[in-house]
Amino acid sequence: MGNWCDYKVTTDEKIYPLLLKPVIKDYLWGGTRLIDEYGFETDKNPAAEGWMLSCHKDGTNIVVNGEYKGKSLDEVLKNWYGDYSLPILIKLIDAKDRLSVQVHPDNEYALKNEGEPGKTEMWYIVDCEPGAELIYGFTKEVSKDEFAERINKNTLDAVMNYVPVKKGDVFFIKSGTLHAIGKGILIAEIQQNSNTTYRVSDYGRLGADGKPRELHVKKALDVTETRPSTIPYGNIGEIEKHSFGIKRHLAKCEYFDVTYYDLSGKVDLTSNDCFSSLLVIEGKIDIEYNNGTVSAGKGDSLFIPKGLKVTVSGTAKIILSEF
Ligand code: ZN
């Protein structure tokens with residue numbers, strides 16, 4: 001996983017698990033579950049996305065515990081690690097309505113055309129309404145011409161892969177994969193640190209300004225893989241039973257390595273090789289480290305420094321992302 005793992009602490013300051021305040025985005029398709037069920041404090045409504053781990057220019061977390069309380073995550077990491085760039089962004093997404101059909105570029109295309117990395121992402125379905133579905137790639141191979149024509153004539157539906165979803169399903173969305181989150185789905189998304197999206201269809205919806213949101217057809221044609229994906233999805237991931245509960249490995253790529261824990265005990269999550277993020281989906285945990293304990297509950301997100309000795313205990317469902 002990237003050069004990020006090679007960063008060493010450059011000061012003698014004491015490192016500790018950083019509890020982060022989410023950045024809320026009020027996109028029109030969002031709901032209010034992040035406020036009502038996850039306790040996010042915001043004056044935004046709807047609360048479509050909570051950016052749980054982010055140093056992106058479009059939104060950076062504020063630390064809410066310890067010595068650095070009130071400082072931005074960006075500032076603290078600069079202090080600890082000097083020149084750096086956080087490689088991932090983690091979100092909770094409450095799609096009350098469906099999102100646009102979209103695609104993200106790979107690194108090469110995005111760095112050249114957008115000045116930021118591309119986006120490969122992973123979804124964990126935290127919750128969904130009965131009958132909920134999403135779009136994951138194509139059902140059959142289409143040519144670029146056919147793809148362009150179907151965008152124009154609004155007939156993409158006939159070739160897109162609609163997938164019914166249930167709680168706990170996992171999707172790995174490599175850059176270039178056409179996708180859309182459907183309505184009534186709450187997702188944890190682990191992605192590269194990028195905010196570049198090319199929309200190919202927004203179902204004729206109007207934005208906050210009363211106009212249709214911009215589509216990016218030409219760029220989408222450039223970057224979309226128009227053959228069906230061969231990556232497994234749904235109820236995937238090796239499950240291991242341990243004394244501390246159940247561990248399920250969800251996805252690994254060059255940018256992140258994600259594991260789900262259904263915790264009912266105490267587990268050592270020390271990593272000497274990588275930084276980690278802990279996202280609490282349900283329940284309560286205590287994170288013990290050499291200098292104290294941080295408690296966290298449903299909807300909380302923590303940055304765990306590399307090399308910090310940490311054990312996590314409690315009865316909870318958590319997502320550990322290493323990067
Ligand atoms: Zn996406």
# chains A, B, ... in the order shown; residues from 1 in each chain; ligands from 1
>>> closest_atom_pairs(of="chain A", to="ligand 1", cutoff="7 Å", atoms="only C-alpha atoms and all ligand atoms", output="Markdown table")
| residue | atom | partner | partner_atom_place_in_ligand_line | distance |
| --- | --- | --- | --- | --- |
| A:Gln102 | CA | ligand 1 | 1 (Zn) | 6.5 |
| A:Val103 | CA | ligand 1 | 1 (Zn) | 6.3 |
| A:His104 | CA | ligand 1 | 1 (Zn) | 6.4 |
| A:Glu121 | CA | ligand 1 | 1 (Zn) | 6.8 |
| A:His179 | CA | ligand 1 | 1 (Zn) | 6.6 |
| A:Thr197 | CA | ligand 1 | 1 (Zn) | 6.8 |
>>> write_last_selection(atoms="all heavy atoms", output="JSON list (two decimals), in the first residue's frame")
[["chain", "number", "residue", "atom", "x", "y", "z"],
["A", 102, "GLN", "N", -22.75, 7.00, -12.33],
["A", 102, "GLN", "CA", -21.47, 7.70, -12.40],
["A", 102, "GLN", "C", -20.29, 6.76, -12.55],
["A", 102, "GLN", "O", -20.42, 5.54, -12.42],
["A", 102, "GLN", "CB", -21.29, 8.54, -11.13],
["A", 102, "GLN", "CG", -21.43, 7.72, -9.85],
["A", 102, "GLN", "CD", -21.35, 8.58, -8.60],
["A", 102, "GLN", "OE1", -20.36, 8.56, -7.88],
["A", 102, "GLN", "NE2", -22.40, 9.33, -8.34],
["A", 103, "VAL", "N", -19.16, 7.37, -12.80],
["A", 103, "VAL", "CA", -17.93, 6.61, -12.94],
["A", 103, "VAL", "C", -16.79, 7.50, -12.46],
["A", 103, "VAL", "O", -16.89, 8.74, -12.52],
["A", 103, "VAL", "CB", -17.74, 6.16, -14.41],
["A", 103, "VAL", "CG1", -17.59, 7.36, -15.33],
["A", 103, "VAL", "CG2", -16.58, 5.21, -14.58],
["A", 104, "HIS", "N", -15.72, 6.88, -11.94],
["A", 104, "HIS", "CA", -14.56, 7.65, -11.51],
["A", 104, "HIS", "C", -13.34, 7.24, -12.33],
["A", 104, "HIS", "O", -13.19, 6.08, -12.69],
["A", 104, "HIS", "CB", -14.25, 7.39, -10.03],
["A", 104, "HIS", "CG", -15.44, 7.57, -9.13],
["A", 104, "HIS", "ND1", -16.06, 8.78, -8.96],
["A", 104, "HIS", "CD2", -16.12, 6.69, -8.37],
["A", 104, "HIS", "CE1", -17.08, 8.63, -8.13],
["A", 104, "HIS", "NE2", -17.14, 7.37, -7.75],
["A", 121, "GLU", "N", -13.11, 2.59, -5.07],
["A", 121, "GLU", "CA", -13.83, 2.64, -3.80],
["A", 121, "GLU", "C", -14.42, 1.29, -3.43],
["A", 121, "GLU", "O", -14.47, 0.37, -4.27],
["A", 121, "GLU", "CB", -14.94, 3.70, -3.85],
["A", 121, "GLU", "CG", -16.02, 3.45, -4.91],
["A", 121, "GLU", "CD", -16.91, 4.66, -5.14],
["A", 121, "GLU", "OE1", -16.40, 5.80, -5.18],
["A", 121, "GLU", "OE2", -18.12, 4.47, -5.30],
["A", 179, "HIS", "N", -21.42, 2.88, -11.85],
["A", 179, "HIS", "CA", -22.12, 2.48, -10.63],
["A", 179, "HIS", "C", -23.11, 3.54, -10.16],
["A", 179, "HIS", "O", -23.00, 4.71, -10.55],
["A", 179, "HIS", "CB", -21.13, 2.20, -9.51],
["A", 179, "HIS", "CG", -20.28, 3.38, -9.12],
["A", 179, "HIS", "ND1", -19.15, 3.72, -9.81],
["A", 179, "HIS", "CD2", -20.40, 4.30, -8.15],
["A", 179, "HIS", "CE1", -18.59, 4.79, -9.26],
["A", 179, "HIS", "NE2", -19.35, 5.17, -8.24],
["A", 197, "THR", "N", -15.99, 12.90, -9.86],
["A", 197, "THR", "CA", -17.08, 12.03, -10.31],
["A", 197, "THR", "C", -17.55, 12.48, -11.68],
["A", 197, "THR", "O", -17.76, 13.68, -11.89],
["A", 197, "THR", "CB", -18.26, 12.12, -9.31],
["A", 197, "THR", "OG1", -17.84, 11.58, -8.07],
["A", 197, "THR", "CG2", -19.47, 11.37, -9.80]]
>>> closest_residue(among="A:Lys166, A:Lys266, A:Lys44, A:His216", to="Tyr233 of chain A", atoms="only C-alpha atoms")
A:Lys166
>>> atom_distance(atom1="atom CA of Gly265 of chain A", atom2="atom CA of Val126 of chain A")
21.4 Å
>>> atom_distance(atom1="atom CA of Thr224 of chain A", atom2="atom CA of Asn193 of chain A")
19.5 Å
>>> closest_residue(among="A:Lys78, A:Arg33, A:Lys91, A:Arg227", to="Lys21 of chain A", atoms="only C-alpha atoms")
A:Lys91
>>> residues_around(residues="segment 107-110 of chain A", least_positions_apart="4", cutoff="8 Å", atoms="only C-alpha atoms", output="PDB file with N, CA and C atoms, in the first residue's frame")
ATOM      1  N   GLU A 114      -7.627  16.274 -13.704  1.00  0.00           N
ATOM      2  CA  GLU A 114      -8.312  16.880 -12.552  1.00  0.00           C
ATOM      3  C   GLU A 114      -7.352  17.355 -11.468  1.00  0.00           C
ATOM      4  N   GLY A 115      -6.094  16.988 -11.582  1.00  0.00           N
ATOM      5  CA  GLY A 115      -5.127  17.416 -10.572  1.00  0.00           C
ATOM      6  C   GLY A 115      -5.311  16.764  -9.220  1.00  0.00           C
ATOM      7  N   GLU A 116      -5.957  15.621  -9.180  1.00  0.00           N
ATOM      8  CA  GLU A 116      -6.048  14.845  -7.940  1.00  0.00           C
ATOM      9  C   GLU A 116      -6.066  13.364  -8.297  1.00  0.00           C
ATOM     10  N   PRO A 117      -5.901  12.481  -7.292  1.00  0.00           N
ATOM     11  CA  PRO A 117      -5.876  11.054  -7.611  1.00  0.00           C
ATOM     12  C   PRO A 117      -7.205  10.579  -8.198  1.00  0.00           C
ATOM     13  N   GLY A 118      -7.189   9.417  -8.794  1.00  0.00           N
ATOM     14  CA  GLY A 118      -8.420   8.784  -9.248  1.00  0.00           C
ATOM     15  C   GLY A 118      -9.155   8.180  -8.069  1.00  0.00           C
ATOM     16  N   LYS A 119     -10.217   7.408  -8.374  1.00  0.00           N
ATOM     17  CA  LYS A 119     -10.982   6.856  -7.266  1.00  0.00           C
ATOM     18  C   LYS A 119     -11.368   5.405  -7.511  1.00  0.00           C
ATOM     19  N   THR A 196     -13.544  13.333  -7.504  1.00  0.00           N
ATOM     20  CA  THR A 196     -13.834  13.465  -8.936  1.00  0.00           C
ATOM     21  C   THR A 196     -14.850  12.422  -9.387  1.00  0.00           C
ATOM     22  N   VAL A 223     -13.192   7.052 -19.667  1.00  0.00           N
ATOM     23  CA  VAL A 223     -12.674   6.240 -18.549  1.00  0.00           C
ATOM     24  C   VAL A 223     -13.477   4.975 -18.234  1.00  0.00           C
TER      25      VAL A 223
END
>>> atom_distance(atom1="atom CA of Asp262 of chain A", atom2="atom CA of Arg248 of chain A")
8.3 Å
>>> select_by_dssp(residues="segment 26-265 of chain A", states="strand (DSSP E)", output="PyMOL selection string")
chain A and resi 49-53+55-56+59-60+62-63+88-95+101-103+121-128+133-138+160-164+170-173+179-180+185-192+198-201+239-242+245-252+257-265
>>> closest_residue(among="A:Tyr84, A:Ser229, A:Leu89, A:Cys55", to="Ile135 of chain A", atoms="only C-alpha atoms")
A:Ser229
>>> closest_residue(among="A:Ile304, A:Glu238, A:Leu215, A:Leu206", to="Leu73 of chain A", atoms="only C-alpha atoms")
A:Ile304
